[in-house]
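Shown next: my_file-v4.cif, containing mmCIF, C-alpha atoms.
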data_structure
loop_
_atom_site.label_atom_id
_atom_site.label_comp_id
_atom_site.auth_asym_id
_atom_site.auth_seq_id
_atom_site.Cartn_x
_atom_site.Cartn_y
_atom_site.Cartn_z
CA MET A 1 32.77 -36.34 -9.38
CA ALA A 2 31.81 -34.78 -6.06
CA SER A 3 30.12 -31.41 -5.70
CA PRO A 4 32.46 -28.41 -5.95
CA THR A 5 34.26 -27.20 -2.89
CA VAL A 6 35.93 -23.83 -2.60
CA VAL A 7 38.10 -23.64 0.48
CA GLY A 8 40.50 -21.02 1.72
CA GLU A 9 40.91 -19.09 -1.53
CA VAL A 10 38.32 -16.41 -0.89
CA ASP A 11 40.84 -13.75 0.01
CA GLN A 12 44.41 -13.30 1.08
CA HIS A 13 43.47 -12.73 4.73
CA ASP A 14 42.29 -16.29 5.42
CA ASN A 15 45.47 -17.33 7.22
CA SER A 16 45.51 -14.26 9.44
CA THR A 17 41.88 -13.94 10.50
CA GLN A 18 41.39 -16.93 12.77
CA LEU A 19 39.94 -16.30 16.21
CA PRO A 20 42.27 -16.88 19.15
CA PRO A 21 41.67 -20.31 20.71
CA LEU A 22 38.13 -20.22 22.05
CA VAL A 23 37.37 -22.06 25.23
CA LEU A 24 34.22 -23.25 23.48
CA SER A 25 35.64 -24.04 20.04
CA THR A 26 35.69 -27.83 20.27
CA PHE A 27 32.74 -27.74 22.64
CA VAL A 28 30.50 -25.90 20.17
CA LYS A 29 31.46 -28.30 17.39
CA SER A 30 30.77 -31.32 19.59
CA PHE A 31 27.36 -30.04 20.65
CA GLU A 32 26.29 -28.24 17.51
CA PHE A 33 22.92 -29.94 17.76
CA LEU A 34 22.23 -27.86 20.87
CA SER A 35 22.48 -24.53 19.03
CA THR A 36 19.32 -22.54 19.30
CA LYS A 37 17.12 -20.55 16.96
CA ASP A 38 16.41 -16.87 17.45
CA ASP A 39 12.63 -16.62 17.37
CA ILE A 40 11.67 -13.65 19.52
CA GLN A 41 11.55 -10.05 18.45
CA VAL A 42 13.80 -7.62 20.31
CA GLN A 43 14.05 -3.87 20.22
CA LEU A 44 16.39 -2.70 17.50
CA ARG A 45 19.69 -1.54 18.95
CA ALA A 46 21.66 -0.48 15.89
CA LEU A 47 21.14 0.31 12.23
CA LEU A 48 22.92 -1.74 9.59
CA ASP A 49 21.65 0.37 6.69
CA HIS A 50 19.50 3.48 6.48
CA ASP A 51 18.11 2.90 2.97
CA VAL A 52 14.48 1.80 2.83
CA PRO A 53 13.79 0.47 -0.68
CA PRO A 54 10.33 0.50 -2.28
CA GLN A 55 8.40 -2.68 -1.59
CA PHE A 56 7.80 -3.25 -5.32
CA PRO A 57 10.41 -2.61 -8.04
CA PRO A 58 9.22 -0.07 -10.63
CA SER A 59 9.68 -2.47 -13.57
CA ILE A 60 6.81 -4.82 -12.76
CA PRO A 61 3.30 -4.18 -14.17
CA GLU A 62 0.89 -2.10 -12.13
CA ALA A 63 -1.55 -5.04 -11.97
CA VAL A 64 1.11 -7.09 -10.19
CA ARG A 65 1.67 -4.30 -7.69
CA THR A 66 -2.06 -4.04 -7.10
CA PHE A 67 -2.43 -7.77 -6.50
CA PHE A 68 0.44 -8.08 -4.03
CA SER A 69 -0.72 -4.95 -2.22
CA SER A 70 -4.06 -6.65 -1.62
CA VAL A 71 -2.81 -9.89 -0.01
CA ALA A 72 -1.36 -10.38 3.44
CA SER A 73 -0.88 -14.14 3.81
CA PRO A 74 0.08 -17.21 1.76
CA THR A 75 -3.48 -18.50 2.12
CA GLU A 76 -4.85 -15.41 0.39
CA ILE A 77 -2.39 -15.83 -2.46
CA LEU A 78 -3.00 -19.54 -2.99
CA SER A 79 -6.79 -19.16 -2.82
CA SER A 80 -6.91 -16.31 -5.35
CA LYS A 81 -8.63 -17.09 -8.66
CA LEU A 82 -5.87 -15.12 -10.39
CA VAL A 83 -3.17 -17.54 -9.22
CA SER A 84 -2.39 -20.96 -10.68
CA ARG A 85 0.46 -23.42 -10.42
CA VAL A 86 3.04 -23.39 -13.20
CA GLU A 87 2.41 -26.49 -15.29
CA GLY A 88 4.76 -29.36 -14.54
CA THR A 89 5.82 -28.09 -11.11
CA ASP A 90 5.17 -29.59 -7.70
CA VAL A 91 5.18 -28.12 -4.23
CA ILE A 92 8.74 -28.19 -2.91
CA LYS A 93 9.12 -29.04 0.77
CA GLY A 94 12.43 -27.80 2.11
CA GLY A 95 13.88 -28.00 5.58
CA TYR A 96 11.81 -25.07 6.87
CA ASN A 97 9.56 -23.80 4.05
CA PHE A 98 7.09 -24.83 1.38
CA VAL A 99 7.93 -23.40 -2.05
CA HIS A 100 5.33 -22.94 -4.81
CA ILE A 101 6.09 -21.86 -8.39
CA LEU A 102 3.01 -19.95 -9.51
CA ASN A 103 1.54 -17.85 -12.30
CA LEU A 104 -0.42 -14.64 -11.79
CA ASP A 105 -3.04 -13.81 -14.42
CA ILE A 106 -2.93 -10.03 -14.84
CA GLY A 107 -5.21 -9.75 -17.86
CA GLN A 108 -5.41 -10.66 -21.53
CA SER A 109 -3.06 -7.89 -22.60
CA HIS A 110 -0.24 -9.36 -20.50
CA PRO A 111 1.37 -12.81 -20.40
CA LEU A 112 1.08 -14.85 -17.20
CA PHE A 113 3.40 -13.45 -14.55
CA PRO A 114 5.49 -16.20 -12.88
CA PHE A 115 6.62 -15.87 -9.29
CA VAL A 116 7.79 -17.95 -6.34
CA LEU A 117 5.88 -18.15 -3.08
CA ARG A 118 7.57 -19.55 0.02
CA PHE A 119 6.21 -19.77 3.53
CA PRO A 120 7.02 -21.73 6.71
CA ILE A 121 6.02 -25.36 7.02
CA ASP A 122 5.48 -24.76 10.74
CA PRO A 123 5.72 -21.18 12.05
CA ASP A 124 6.51 -22.52 15.53
CA PHE A 125 9.58 -24.34 14.24
CA ILE A 126 11.37 -21.41 12.61
CA SER A 127 12.89 -18.31 14.12
CA ARG A 128 10.72 -15.21 14.29
CA SER A 129 13.63 -13.52 12.52
CA GLN A 130 14.06 -16.10 9.77
CA THR A 131 11.67 -14.70 7.15
CA ARG A 132 12.65 -11.17 8.14
CA THR A 133 16.34 -11.94 7.63
CA ALA A 134 15.81 -13.76 4.32
CA VAL A 135 14.00 -10.71 2.90
CA GLY A 136 16.37 -8.21 4.50
CA CYS A 137 19.52 -9.82 3.09
CA MET A 138 18.12 -9.97 -0.45
CA LEU A 139 17.04 -6.33 -0.28
CA TYR A 140 20.43 -5.37 1.15
CA CYS A 141 22.22 -6.98 -1.81
CA GLN A 142 19.86 -5.24 -4.24
CA ARG A 143 20.37 -1.84 -2.64
CA HIS A 144 24.14 -2.27 -2.63
CA THR A 145 24.83 -3.01 -6.27
CA GLU A 146 28.57 -2.65 -5.71
CA LEU A 147 28.47 -6.07 -4.04
CA ASN A 148 27.48 -7.67 -7.37
CA ILE A 149 25.56 -10.44 -5.57
CA PRO A 150 22.50 -11.50 -7.61
CA THR A 151 19.35 -12.26 -5.61
CA PRO A 152 15.67 -12.66 -6.59
CA VAL A 153 13.59 -9.49 -6.71
CA VAL A 154 11.20 -9.39 -3.76
CA TYR A 155 7.63 -8.52 -4.79
CA ALA A 156 5.92 -8.76 -1.41
CA TYR A 157 6.48 -10.21 2.04
CA ASN A 158 4.97 -10.49 5.48
CA CYS A 159 7.10 -11.12 8.56
CA THR A 160 4.17 -11.34 10.98
CA TYR A 161 3.97 -14.60 12.92
CA GLY A 162 1.37 -16.90 11.40
CA SER A 163 1.19 -14.98 8.12
CA GLU A 164 4.82 -15.12 7.03
CA PHE A 165 5.60 -15.40 3.34
CA ILE A 166 7.88 -14.14 0.61
CA ALA A 167 6.67 -13.60 -2.96
CA MET A 168 9.66 -13.16 -5.22
CA GLU A 169 11.06 -13.39 -8.70
CA TYR A 170 11.05 -16.74 -10.47
CA LEU A 171 14.58 -17.42 -11.72
CA ASP A 172 14.36 -19.57 -14.84
CA GLY A 173 17.44 -21.70 -14.26
CA ASP A 174 18.83 -24.81 -12.58
CA THR A 175 20.07 -25.38 -9.06
CA LEU A 176 23.82 -25.83 -9.24
CA SER A 177 23.77 -29.08 -7.28
CA HIS A 178 21.30 -30.57 -9.77
CA VAL A 179 23.42 -29.95 -12.88
CA TRP A 180 26.98 -29.98 -11.51
CA LEU A 181 27.86 -33.50 -12.66
CA ASP A 182 26.51 -32.85 -16.16
CA ILE A 183 28.17 -29.57 -17.09
CA PRO A 184 31.55 -29.29 -18.86
CA GLU A 185 34.72 -28.67 -16.86
CA GLU A 186 35.04 -25.18 -18.34
CA ASP A 187 31.57 -24.27 -17.07
CA ARG A 188 32.39 -25.69 -13.65
CA GLN A 189 35.47 -23.53 -13.35
CA ASN A 190 33.51 -20.50 -14.52
CA VAL A 191 30.85 -21.05 -11.84
CA ILE A 192 33.50 -21.60 -9.15
CA ASN A 193 35.15 -18.31 -10.12
CA GLN A 194 31.80 -16.53 -9.78
CA ILE A 195 31.22 -18.07 -6.35
CA VAL A 196 34.70 -17.03 -5.20
CA GLU A 197 34.01 -13.44 -6.27
CA ILE A 198 30.68 -13.42 -4.44
CA MET A 199 32.32 -14.73 -1.26
CA ARG A 200 35.15 -12.22 -1.63
CA SER A 201 32.60 -9.44 -2.02
CA MET A 202 30.73 -10.49 1.14
CA ARG A 203 33.99 -10.47 3.09
CA THR A 204 35.53 -7.25 1.78
CA LYS A 205 32.81 -4.88 0.52
CA ALA A 206 30.24 -4.93 3.34
CA ASN A 207 30.97 -3.70 6.86
CA PHE A 208 28.59 -3.53 9.80
CA ARG A 209 28.58 -2.22 13.35
CA VAL A 210 26.92 -5.24 14.97
CA ILE A 211 26.56 -9.01 14.62
CA GLY A 212 22.97 -9.77 13.65
CA GLY A 213 20.38 -10.43 11.00
CA ILE A 214 19.18 -7.75 8.59
CA SER A 215 15.55 -6.62 8.61
CA PRO A 216 13.80 -5.51 5.39
CA ASP A 217 14.13 -1.87 6.47
CA GLY A 218 17.88 -2.32 6.90
CA SER A 219 17.91 -2.38 10.69
CA ALA A 220 19.50 -5.09 12.82
CA CYS A 221 17.50 -8.05 14.13
CA PRO A 222 18.44 -11.22 16.05
CA LEU A 223 20.91 -13.50 14.32
CA VAL A 224 19.32 -16.75 13.11
CA ASP A 225 21.98 -19.11 14.40
CA GLY A 226 22.04 -22.91 14.66
CA MET A 227 18.50 -23.61 13.48
CA ASP A 228 19.15 -27.36 13.49
CA GLY A 229 19.15 -27.13 17.26
CA GLY A 230 17.53 -29.25 19.94
CA VAL A 231 13.80 -29.73 20.17
CA GLY A 232 12.06 -27.07 22.27
CA MET A 233 14.85 -24.51 22.02
CA GLY A 234 12.53 -21.93 20.49
CA LEU A 235 10.27 -22.15 23.52
CA VAL A 236 13.20 -21.69 25.89
CA GLU A 237 14.34 -18.66 23.95
CA SER A 238 10.90 -17.10 24.27
CA PHE A 239 11.41 -17.08 28.06
CA GLY A 240 13.91 -14.23 27.60
CA LEU A 241 16.63 -15.89 29.67
CA TYR A 242 19.54 -14.76 27.49
CA ASP A 243 20.52 -12.17 24.91
CA THR A 244 19.37 -13.03 21.38
CA GLY A 245 21.22 -10.16 19.73
CA PRO A 246 22.12 -8.12 17.83
CA TYR A 247 25.57 -8.23 19.42
CA GLU A 248 27.97 -5.32 19.55
CA SER A 249 31.04 -7.50 20.14
CA VAL A 250 32.36 -11.02 19.73
CA ARG A 251 32.40 -11.28 23.52
CA GLU A 252 28.63 -10.69 23.65
CA TYR A 253 28.05 -13.30 20.94
CA VAL A 254 30.23 -15.96 22.62
CA GLN A 255 28.52 -15.30 25.96
CA ALA A 256 25.13 -15.77 24.29
CA VAL A 257 26.25 -19.11 22.79
CA PHE A 258 27.13 -20.38 26.27
CA ASP A 259 23.96 -18.95 27.81
CA ARG A 260 21.56 -20.52 25.33
CA GLN A 261 23.19 -23.96 25.71
CA PHE A 262 23.05 -23.66 29.50
CA HIS A 263 19.43 -22.52 29.73
CA TYR A 264 18.20 -25.07 27.21
CA LEU A 265 19.72 -27.99 29.13
CA ASP A 266 18.67 -26.51 32.47
CA GLN A 267 15.06 -26.17 31.35
CA ILE A 268 14.77 -29.61 29.82
CA LEU A 269 16.67 -31.48 32.55
CA HIS A 270 15.70 -29.59 35.72
CA LYS A 271 12.48 -27.69 35.03
CA SER A 272 9.03 -28.83 33.98
CA THR A 273 8.67 -26.41 31.08
CA LEU A 274 9.59 -28.86 28.29
CA LEU A 275 7.83 -32.07 29.30
CA ALA A 276 6.16 -32.27 25.89
CA HIS A 277 9.59 -32.43 24.25
CA GLU A 278 11.28 -34.81 26.69
CA ALA A 279 10.95 -37.97 24.58
CA LYS A 280 12.28 -36.27 21.45
CA PHE A 281 15.11 -34.71 23.46
CA LYS A 282 16.20 -38.13 24.77
CA GLU A 283 16.11 -39.50 21.22
CA GLU A 284 18.33 -36.67 19.96
CA MET A 285 20.76 -37.04 22.84
CA MET A 286 21.07 -40.80 22.32
CA SER A 287 21.89 -40.26 18.65
CA CYS A 288 24.53 -37.62 19.41
CA LEU A 289 26.18 -38.85 22.59
CA ARG A 290 28.21 -42.03 22.94
CA VAL A 291 29.91 -41.71 26.34
CA SER A 292 28.60 -38.73 28.34
CA THR A 293 25.16 -38.49 29.92
CA PRO A 294 22.93 -35.40 29.46
CA GLU A 295 23.62 -34.38 33.06
CA GLU A 296 27.38 -34.61 32.47
CA ILE A 297 26.98 -32.45 29.38
CA PHE A 298 25.06 -29.90 31.44
CA GLU A 299 27.85 -29.74 34.01
CA ARG A 300 30.44 -29.23 31.27
CA VAL A 301 28.34 -26.45 29.75
CA LYS A 302 27.96 -24.80 33.15
CA SER A 303 31.70 -25.02 33.81
CA LYS A 304 32.61 -23.50 30.44
CA ARG A 305 29.99 -20.78 30.86
CA ASP A 306 31.20 -19.89 34.35
CA GLY A 307 34.80 -19.88 33.12
CA PHE A 308 34.03 -17.47 30.31
CA ARG A 309 32.08 -15.19 32.65
CA ALA A 310 35.05 -15.10 35.03
CA HIS A 311 37.59 -14.48 32.27
CA PRO A 312 35.84 -13.02 29.21
CA TYR A 313 37.79 -11.97 26.18
CA ASP A 314 37.13 -10.24 22.91
CA CYS A 315 38.84 -10.03 19.54
CA GLU A 316 38.99 -7.38 16.86
CA HIS A 317 37.74 -8.45 13.46
CA PRO A 318 35.41 -6.71 11.00
CA PHE A 319 31.73 -7.64 10.88
CA VAL A 320 30.98 -8.73 7.31
CA LEU A 321 28.09 -10.08 5.26
CA ARG A 322 27.40 -13.80 5.47
CA HIS A 323 24.89 -16.11 3.82
CA GLY A 324 25.05 -18.85 6.43
CA ASP A 325 23.88 -21.73 4.23
CA LEU A 326 25.92 -21.40 1.05
CA HIS A 327 25.84 -24.56 -1.06
CA GLY A 328 24.83 -25.78 -4.51
CA ARG A 329 21.12 -26.09 -3.69
CA ASN A 330 20.97 -22.37 -2.96
CA VAL A 331 22.66 -21.25 -6.18
CA ILE A 332 20.59 -20.87 -9.37
CA VAL A 333 22.53 -20.96 -12.66
CA SER A 334 21.46 -20.40 -16.26
CA HIS A 335 20.26 -23.37 -18.32
CA SER A 336 22.89 -23.12 -21.04
CA SER A 337 26.61 -22.52 -21.41
CA PRO A 338 28.32 -20.38 -20.32
CA ARG A 339 26.64 -21.06 -16.99
CA CYS A 340 26.05 -17.80 -15.12
CA ILE A 341 24.80 -17.45 -11.57
CA LEU A 342 21.30 -15.98 -11.75
CA GLY A 343 20.73 -15.72 -8.03
CA ILE A 344 21.73 -16.74 -4.52
CA ILE A 345 18.62 -17.82 -2.60
CA ASP A 346 17.58 -18.80 0.94
CA TRP A 347 19.29 -16.13 3.06
CA ASP A 348 17.47 -17.26 6.23
CA PHE A 349 20.72 -17.57 8.21
CA GLY A 350 22.36 -14.51 6.72
CA GLY A 351 23.24 -11.12 8.10
CA SER A 352 26.41 -9.70 9.56
CA HIS A 353 28.95 -11.79 11.44
CA VAL A 354 32.53 -11.56 12.60
CA LEU A 355 34.88 -12.33 9.70
CA PRO A 356 36.24 -15.71 10.93
CA PHE A 357 32.64 -16.97 11.31
CA ALA A 358 31.58 -15.82 7.84
CA ASP A 359 31.09 -18.21 4.91
CA ASP A 360 34.52 -19.73 4.29
CA TYR A 361 33.69 -22.75 2.16
CA PHE A 362 31.23 -23.89 -0.48
CA GLU A 363 29.94 -27.37 -1.17
#
Please lay out the structure from this file as C-alpha cells.
Amino acid sequence: MASPTVVGEVDQHDNSTQLPPLVLSTFVKSFEFLSTKDDIQVQLRALLDHDVPPQFPPSIPEAVRTFFSSVASPTEILSSKLVSRVEGTDVIKGGYNFVHILNLDIGQSHPLFPFVLRFPIDPDFISRSQTRTAVGCMLYCQRHTELNIPTPVVYAYNCTYGSEFIAMEYLDGDTLSHVWLDIPEEDRQNVINQIVEIMRSMRTKANFRVIGGISPDGSACPLVDGMDGGVGMGLVESFGLYDTGPYESVREYVQAVFDRQFHYLDQILHKSTLLAHEAKFKEEMMSCLRVSTPEEIFERVKSKRDGFRAHPYDCEHPFVLRHGDLHGRNVIVSHSSPRCILGIIDWDFGGSHVLPFADDYFE
C-alpha cells in the first residue's frame, strides 16, 4: 500500500480559498527548479510574535544547561569528551543537514542525556534563514500551546553562518514513512486523523501580518522558498537584486518570484558572475527542458515579469502557519499502538504564508 495522502479535507474552506488565476501559475510549476533560496539577512520589518522564550526549558538538568551554554558550534559539541554517539546509530545525511544522535554524560548521579545534533552539510548551499526558521517555527509551536503541534524541545542553537547548528530533544519513536506499511489499519487512520488536526490548526489558529519565516525571537525573517532551485541561485540572491521578504502582501511575494527567476537567468546567461556554475546549470536545464532553449525561457520570464509589473494584482487571504515540507519522513510516531505523533520535525521551509499556498496535502 502506498504512503498515506490527505488531500482537501483539512478544513471546509478548501474550495473557496483558491487564488485567482495567476499569470505565473503554470509557469512557476513548469520552472520550479528555478526557485531560489533566501540566504541573506535583511532588516526585520514586522513582528510575528513578541514572546521571547528561554533558550533552555526549565525541566532539563542544570549540567545540560551549563554544557550547551559553553558551546557555540557543532565542532565544539562533537569534539567534547562528554559527548558520545548513541550505540547502534549512524550519521544521517539528509538533503541539507547532517544529523547525529548523541549522548551527553552529565555525571554519575544522572543517566546519559540523549539529544539530536543537526548542522548544514554545506553552509553555502542552504539559506541563511534556514536554520533560523527551523528553530523559530519549533519555538513558535511550543510557545503557542493552543496549536497542539508537537515539536522537539530546542536545547541550544546557533544561526551564525559557518557555526549553524540545532541541539534538540531526541524523540524515541519511528519515522512515519518507515513504519507505515507495517502498522494496522486502525493505527493508520488514527495517525491520519492527528495529521488532519495539525494541518487544520496551522490553517485556522495562527494568523500573521506578513509572509515570511519565523526567527527564534519571534520576528519575521526571509521566507525559505524553493530550496531545490538552480545552481548558483544563492550567490545571485546575495547581490541584493530583488526583495527576499518578509512580504506584506501577496502582490509583493508574486513580484519577488518573478524577479528572482529573471535575475537568476540574466546573471547566468548574460553576465560573467556565475561562470563556475555554468556546466552544472546546462546539465540542469537539459534535464528539465525538452523543447525550449534557456534563452527562450529567459524571454518568457521577462515577458511575464513585465506583464505583472504593468498590471499587478493582489488578493485577500489570511497569512497562516505552514511547514513547507510535510511528509512521512518528517513525522515521528510512537513505537507501539496506538501510534501517537511525538513530533513534527524539519521546519526549515516553514513560517507564515498566504492560505492557498499553505500545506494542503500530506504524503
The PyMOL selection byres ((chain A and resi 211) around 7) applied to the shown file, residues as a PyMOL selection string
chain A and resi 210+212+246-248+319+352-354
What does the distance between CA of Phe208 in chain A and CA of Gln255 in chain A come to in Å, to one decimal place?
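CA of Gln255 in chain A lies 20.0 Å from CA of Phe208 in chain A.
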With all atoms listed in the file as the counted atoms, please give the residues lying no more than 7 Å from Val250 in chain A, apart from itself and same-chain residues fewer than 4 positions off, as a PyMOL selection string.
chain A and resi 254+314-315
Save out the residues we just selected, C-alpha atoms, as a compact mmCIF listing (two decimals), in the coordinates of the input.
# COMPACT_ATOMS: atom_id res chain seq x y z
CA VAL A 254 30.23 -15.96 22.62
CA ASP A 314 37.13 -10.24 22.91
CA CYS A 315 38.84 -10.03 19.54
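Using all atoms listed in the file, the smallest distance between any of A:Thr273, A:Thr145, A:Thr175, A:Ser292 and Arg329 in chain A comes from A:Thr175.
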Could you tell me which residues the PyMOL selection byres ((chain A and resi 355) around 8) returns for this structure, as a PyMOL selection string?
chain A and resi 17+203+317-320+353-354+356-358
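CA of Thr160 in chain A is positioned 22.8 Å from CA of Tyr242 in chain A.
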